[in-house]
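Just below is one structure, and these are the notes that go with it.
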Amino acid sequence: MTESNEALVLRATAFAAEVHTHQRRKGAAQEPYVNHVIEVAAALAAAGAPVPAILAGLLHDTIEDGDTVGRPVTERELAERFGAEVAAIVVEVTDDKTLPKAERKRRQVETATKKSEAARMVKLADKAANLRAITVSPPPSWDLARKRDYLDWADAVAAGCRGVNPSLEEAFDTALALARTALEDQTLD
């Protein structure tokens, strides 16, 4: 018997929750990190993304963050649990944490257009979710300039991801506009 898509999604959600158990978002609300990956996957599902992209949305930070917040996760483990296609998408959206942060950010912009359609969908959903998080619960240590820099950088990454899903692009554009308005309101206080 083949596993249903619903069962796969639930299994991936449980795995993401396990890996991110001790991780919190950077924002003032300090919400559980797993909320973020669920938001990303929900956005992908609502936009009609294929199941491998939805699964990758749930798992997109497991390799990158597993070493530091949970337990190490490898491409091989993800392939064994969720298939080679899902693992490959996750690897595509995983930053190399051995590089300095500025270099990782530069590479995200530079390589966005070269990613698979599924990876670009995950990136769009991820960046939109991050923009919403910054709007409602920004990291307390981020000043206005850092928030603006993040918005500009996220916009540059998203520019390279366009052309794969109009719904995800619209969601990103809406999140960016709301974030820019929220930042503008902060400068008027």
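To be explicit about the labels: the chains of the structure tokens are called A, B, and onward in the order shown, and within each one the residues are counted from 1, while ligands get numbers from 1 in the order they are shown.
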- prompt: Tell me, which residues of stretch 9-169 of chain A carry DSSP helix (DSSP H, G or I), written as a PyMOL selection string?
  reply: chain A and resi 9-19+34-46+51-59+62-69+75-82+84-92+101-114+117-136+144-159+166-169
Within 12 Å of A:Gln108 using only C-alpha atoms, minus same-chain residues under 2 positions, as number ranges by chain: A: 92-96, 101-106, 110-115, 119-120, 123-124, 127, 153-161
Written selection (N, CA and C atoms) as a compact mmCIF listing (two decimals), in the first residue's frame:
```txt
# COMPACT_ATOMS: atom_id res chain seq x y z
N GLU A 92 18.85 22.16 -2.12
CA GLU A 92 18.91 23.38 -2.95
C GLU A 92 18.67 24.65 -2.15
N VAL A 93 17.82 24.58 -1.14
CA VAL A 93 17.49 25.79 -0.38
C VAL A 93 18.27 25.90 0.93
N THR A 94 19.21 24.99 1.15
CA THR A 94 20.01 24.99 2.38
C THR A 94 21.25 25.84 2.19
N ASP A 95 21.46 26.76 3.14
CA ASP A 95 22.68 27.57 3.14
C ASP A 95 23.84 26.76 3.69
N ASP A 96 25.02 27.08 3.20
CA ASP A 96 26.26 26.49 3.71
C ASP A 96 26.68 27.29 4.94
N LYS A 101 27.92 34.93 7.04
CA LYS A 101 26.52 35.27 6.76
C LYS A 101 26.37 36.13 5.50
N ALA A 102 27.22 37.12 5.34
CA ALA A 102 27.12 38.01 4.17
C ALA A 102 27.30 37.22 2.88
N GLU A 103 28.20 36.26 2.88
CA GLU A 103 28.43 35.44 1.69
C GLU A 103 27.23 34.54 1.43
N ARG A 104 26.64 33.97 2.48
CA ARG A 104 25.45 33.13 2.31
C ARG A 104 24.32 33.94 1.70
N LYS A 105 24.14 35.16 2.18
CA LYS A 105 23.07 36.01 1.66
C LYS A 105 23.34 36.38 0.19
N ARG A 106 24.58 36.70 -0.12
CA ARG A 106 24.94 37.04 -1.49
C ARG A 106 24.66 35.86 -2.42
N GLU A 110 22.37 35.42 -5.84
CA GLU A 110 23.08 35.02 -7.05
C GLU A 110 22.53 33.72 -7.66
N THR A 111 22.15 32.77 -6.83
CA THR A 111 21.76 31.44 -7.32
C THR A 111 20.25 31.24 -7.47
N ALA A 112 19.46 32.21 -7.08
CA ALA A 112 18.00 32.03 -7.08
C ALA A 112 17.46 31.61 -8.45
N THR A 113 17.92 32.24 -9.50
CA THR A 113 17.39 31.92 -10.84
C THR A 113 17.82 30.54 -11.33
N LYS A 114 18.85 29.98 -10.71
CA LYS A 114 19.38 28.68 -11.15
C LYS A 114 18.73 27.50 -10.43
N LYS A 115 17.87 27.78 -9.48
CA LYS A 115 17.25 26.71 -8.70
C LYS A 115 16.08 26.09 -9.47
N ALA A 119 12.25 24.49 -5.72
CA ALA A 119 13.10 25.21 -4.77
C ALA A 119 12.76 26.70 -4.79
N ARG A 120 12.48 27.25 -5.96
CA ARG A 120 12.09 28.66 -6.05
C ARG A 120 10.76 28.91 -5.37
N LYS A 123 11.49 28.98 -1.67
CA LYS A 123 12.14 30.26 -1.33
C LYS A 123 11.11 31.39 -1.24
N LEU A 124 10.20 31.47 -2.21
CA LEU A 124 9.18 32.52 -2.19
C LEU A 124 8.32 32.41 -0.94
N LYS A 127 10.48 33.34 2.21
CA LYS A 127 10.75 34.78 2.34
C LYS A 127 9.48 35.53 2.71
N TRP A 153 16.95 42.70 0.76
CA TRP A 153 17.59 41.43 0.41
C TRP A 153 16.54 40.38 0.04
N ALA A 154 15.48 40.26 0.83
CA ALA A 154 14.42 39.29 0.52
C ALA A 154 13.81 39.59 -0.84
N ASP A 155 13.63 40.86 -1.16
CA ASP A 155 13.09 41.25 -2.47
C ASP A 155 14.03 40.82 -3.59
N ALA A 156 15.34 40.95 -3.37
CA ALA A 156 16.32 40.54 -4.39
C ALA A 156 16.31 39.03 -4.58
N VAL A 157 16.18 38.26 -3.50
CA VAL A 157 16.09 36.81 -3.63
C VAL A 157 14.81 36.44 -4.38
N ALA A 158 13.70 37.04 -3.99
CA ALA A 158 12.41 36.74 -4.62
C ALA A 158 12.42 37.08 -6.10
N ALA A 159 13.13 38.13 -6.48
CA ALA A 159 13.20 38.51 -7.89
C ALA A 159 13.73 37.36 -8.74
N GLY A 160 14.67 36.61 -8.19
CA GLY A 160 15.23 35.47 -8.91
C GLY A 160 14.36 34.23 -8.88
N CYS A 161 13.31 34.27 -8.07
CA CYS A 161 12.43 33.11 -7.92
C CYS A 161 11.13 33.26 -8.70
```
task: Write out as a list in words the residues lying within 10 Å of A:Arg24, counting only C-alpha atoms and excluding same-chain residues fewer than 4 positions away.
output: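 With the cut-off at 10 Å, the set is His20, Ala29, Gln30, Glu31, Pro32, Tyr33, Val34, Asn35, His36 and Val69 of chain A.
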task: Kindly give the distance, in Å, that separates atom CA of A:Leu58 and atom CA of A:Trp142, rounded to a single decimal.
output: 26.3 Å
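Taking atom CA of A:Arg11 as the reference point, atom CA of A:Ile63 is found at 16.7 Å.
The spacing separating atom CA of A:Ala45 from atom CA of A:Ala16 amounts to 16.7 Å.
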- prompt: For A:Asp149, which of A:Leu59, A:Val122, A:Leu131, A:Ala41 is the closest residue, counting only C-alpha atoms?
  reply: A:Leu131
Non-local contacts of A:Leu144 (10 Å; only C-alpha atoms; under 5 positions in same chain excluded) as a list of chain:residue names: A:Asp149, A:Tyr150, A:Leu183, A:Glu184, A:Gln186, A:Thr187
Please save N, CA and C atoms of the selected residues as a PDB file, in the first residue's frame.
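This is the output file again12.pdb:
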```pdb
ATOM      1  N   ASP A 149      17.236  46.552   5.395  1.00  0.00           N
ATOM      2  CA  ASP A 149      18.196  45.736   4.648  1.00  0.00           C
ATOM      3  C   ASP A 149      17.624  44.340   4.390  1.00  0.00           C
ATOM      4  N   TYR A 150      16.964  43.774   5.399  1.00  0.00           N
ATOM      5  CA  TYR A 150      16.380  42.441   5.220  1.00  0.00           C
ATOM      6  C   TYR A 150      15.300  42.477   4.145  1.00  0.00           C
ATOM      7  N   LEU A 183       7.365  49.485   8.397  1.00  0.00           N
ATOM      8  CA  LEU A 183       8.634  50.164   8.676  1.00  0.00           C
ATOM      9  C   LEU A 183       8.495  51.668   8.494  1.00  0.00           C
ATOM     10  N   GLU A 184       7.760  52.074   7.481  1.00  0.00           N
ATOM     11  CA  GLU A 184       7.534  53.499   7.260  1.00  0.00           C
ATOM     12  C   GLU A 184       6.799  54.116   8.444  1.00  0.00           C
ATOM     13  N   GLN A 186       7.035  53.168  11.447  1.00  0.00           N
ATOM     14  CA  GLN A 186       7.988  53.282  12.560  1.00  0.00           C
ATOM     15  C   GLN A 186       8.810  54.569  12.454  1.00  0.00           C
ATOM     16  N   THR A 187       9.109  54.997  11.228  1.00  0.00           N
ATOM     17  CA  THR A 187       9.915  56.204  11.064  1.00  0.00           C
ATOM     18  C   THR A 187       9.104  57.456  11.391  1.00  0.00           C
TER      19      THR A 187
END
```
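Nearest residue to A:Gln23 among A:Val40, A:Asp65, A:Lys97, A:Leu176 is A:Asp65, counting only C-alpha atoms.
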query: For A:Asp126, which of A:Asp143, A:Glu77, A:Glu64, A:Glu39 is the closest residue, counting only C-alpha atoms?
result: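 Going through A:Asp143, A:Glu77, A:Glu64, A:Glu39 one by one, the smallest distance to A:Asp126 is for A:Glu39.
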query: Could you pull the residues within 8 Å of A:Leu44, counting only C-alpha atoms, minus those fewer than 2 positions along the same chain, as a PyMOL selection string?
result: chain A and resi 40-42+46-49+53-54+57+121-122+125+168
Output of the above residues as a PDB file, in the first residue's frame, restricted to N, CA and C atoms:
```pdb
ATOM      1  N   VAL A  40       5.132  27.957   5.978  1.00  0.00           N
ATOM      2  CA  VAL A  40       5.701  27.854   4.629  1.00  0.00           C
ATOM      3  C   VAL A  40       4.991  26.752   3.842  1.00  0.00           C
ATOM      4  N   ALA A  41       4.844  25.582   4.448  1.00  0.00           N
ATOM      5  CA  ALA A  41       4.183  24.461   3.762  1.00  0.00           C
ATOM      6  C   ALA A  41       2.721  24.779   3.465  1.00  0.00           C
ATOM      7  N   ALA A  42       2.039  25.432   4.390  1.00  0.00           N
ATOM      8  CA  ALA A  42       0.634  25.795   4.175  1.00  0.00           C
ATOM      9  C   ALA A  42       0.505  26.766   3.003  1.00  0.00           C
ATOM     10  N   ALA A  46      -1.592  26.012  -0.356  1.00  0.00           N
ATOM     11  CA  ALA A  46      -2.650  26.927  -0.785  1.00  0.00           C
ATOM     12  C   ALA A  46      -2.410  27.430  -2.204  1.00  0.00           C
ATOM     13  N   ALA A  47      -1.147  27.515  -2.600  1.00  0.00           N
ATOM     14  CA  ALA A  47      -0.799  28.002  -3.945  1.00  0.00           C
ATOM     15  C   ALA A  47      -0.775  26.880  -4.978  1.00  0.00           C
ATOM     16  N   GLY A  48      -1.132  25.662  -4.558  1.00  0.00           N
ATOM     17  CA  GLY A  48      -1.175  24.553  -5.503  1.00  0.00           C
ATOM     18  C   GLY A  48       0.179  23.978  -5.872  1.00  0.00           C
ATOM     19  N   ALA A  49       1.166  24.169  -5.014  1.00  0.00           N
ATOM     20  CA  ALA A  49       2.502  23.616  -5.286  1.00  0.00           C
ATOM     21  C   ALA A  49       2.443  22.096  -5.249  1.00  0.00           C
ATOM     22  N   ALA A  53       7.294  19.824  -3.133  1.00  0.00           N
ATOM     23  CA  ALA A  53       7.616  21.183  -2.698  1.00  0.00           C
ATOM     24  C   ALA A  53       7.017  21.453  -1.318  1.00  0.00           C
ATOM     25  N   ILE A  54       5.796  20.978  -1.080  1.00  0.00           N
ATOM     26  CA  ILE A  54       5.154  21.153   0.228  1.00  0.00           C
ATOM     27  C   ILE A  54       5.975  20.441   1.306  1.00  0.00           C
ATOM     28  N   GLY A  57       9.013  22.331   1.957  1.00  0.00           N
ATOM     29  CA  GLY A  57       8.699  23.499   2.772  1.00  0.00           C
ATOM     30  C   GLY A  57       8.716  23.171   4.249  1.00  0.00           C
ATOM     31  N   MET A 121       9.842  27.945  -5.460  1.00  0.00           N
ATOM     32  CA  MET A 121       8.566  28.080  -4.744  1.00  0.00           C
ATOM     33  C   MET A 121       8.793  28.096  -3.234  1.00  0.00           C
ATOM     34  N   VAL A 122       9.641  27.189  -2.761  1.00  0.00           N
ATOM     35  CA  VAL A 122       9.943  27.141  -1.324  1.00  0.00           C
ATOM     36  C   VAL A 122      10.563  28.465  -0.882  1.00  0.00           C
ATOM     37  N   ALA A 125       7.865  31.210  -0.635  1.00  0.00           N
ATOM     38  CA  ALA A 125       7.013  31.010   0.545  1.00  0.00           C
ATOM     39  C   ALA A 125       7.789  31.313   1.823  1.00  0.00           C
ATOM     40  N   LEU A 168       2.162  32.484  -5.171  1.00  0.00           N
ATOM     41  CA  LEU A 168       3.264  32.700  -4.228  1.00  0.00           C
ATOM     42  C   LEU A 168       3.905  34.065  -4.443  1.00  0.00           C
TER      43      LEU A 168
END
```
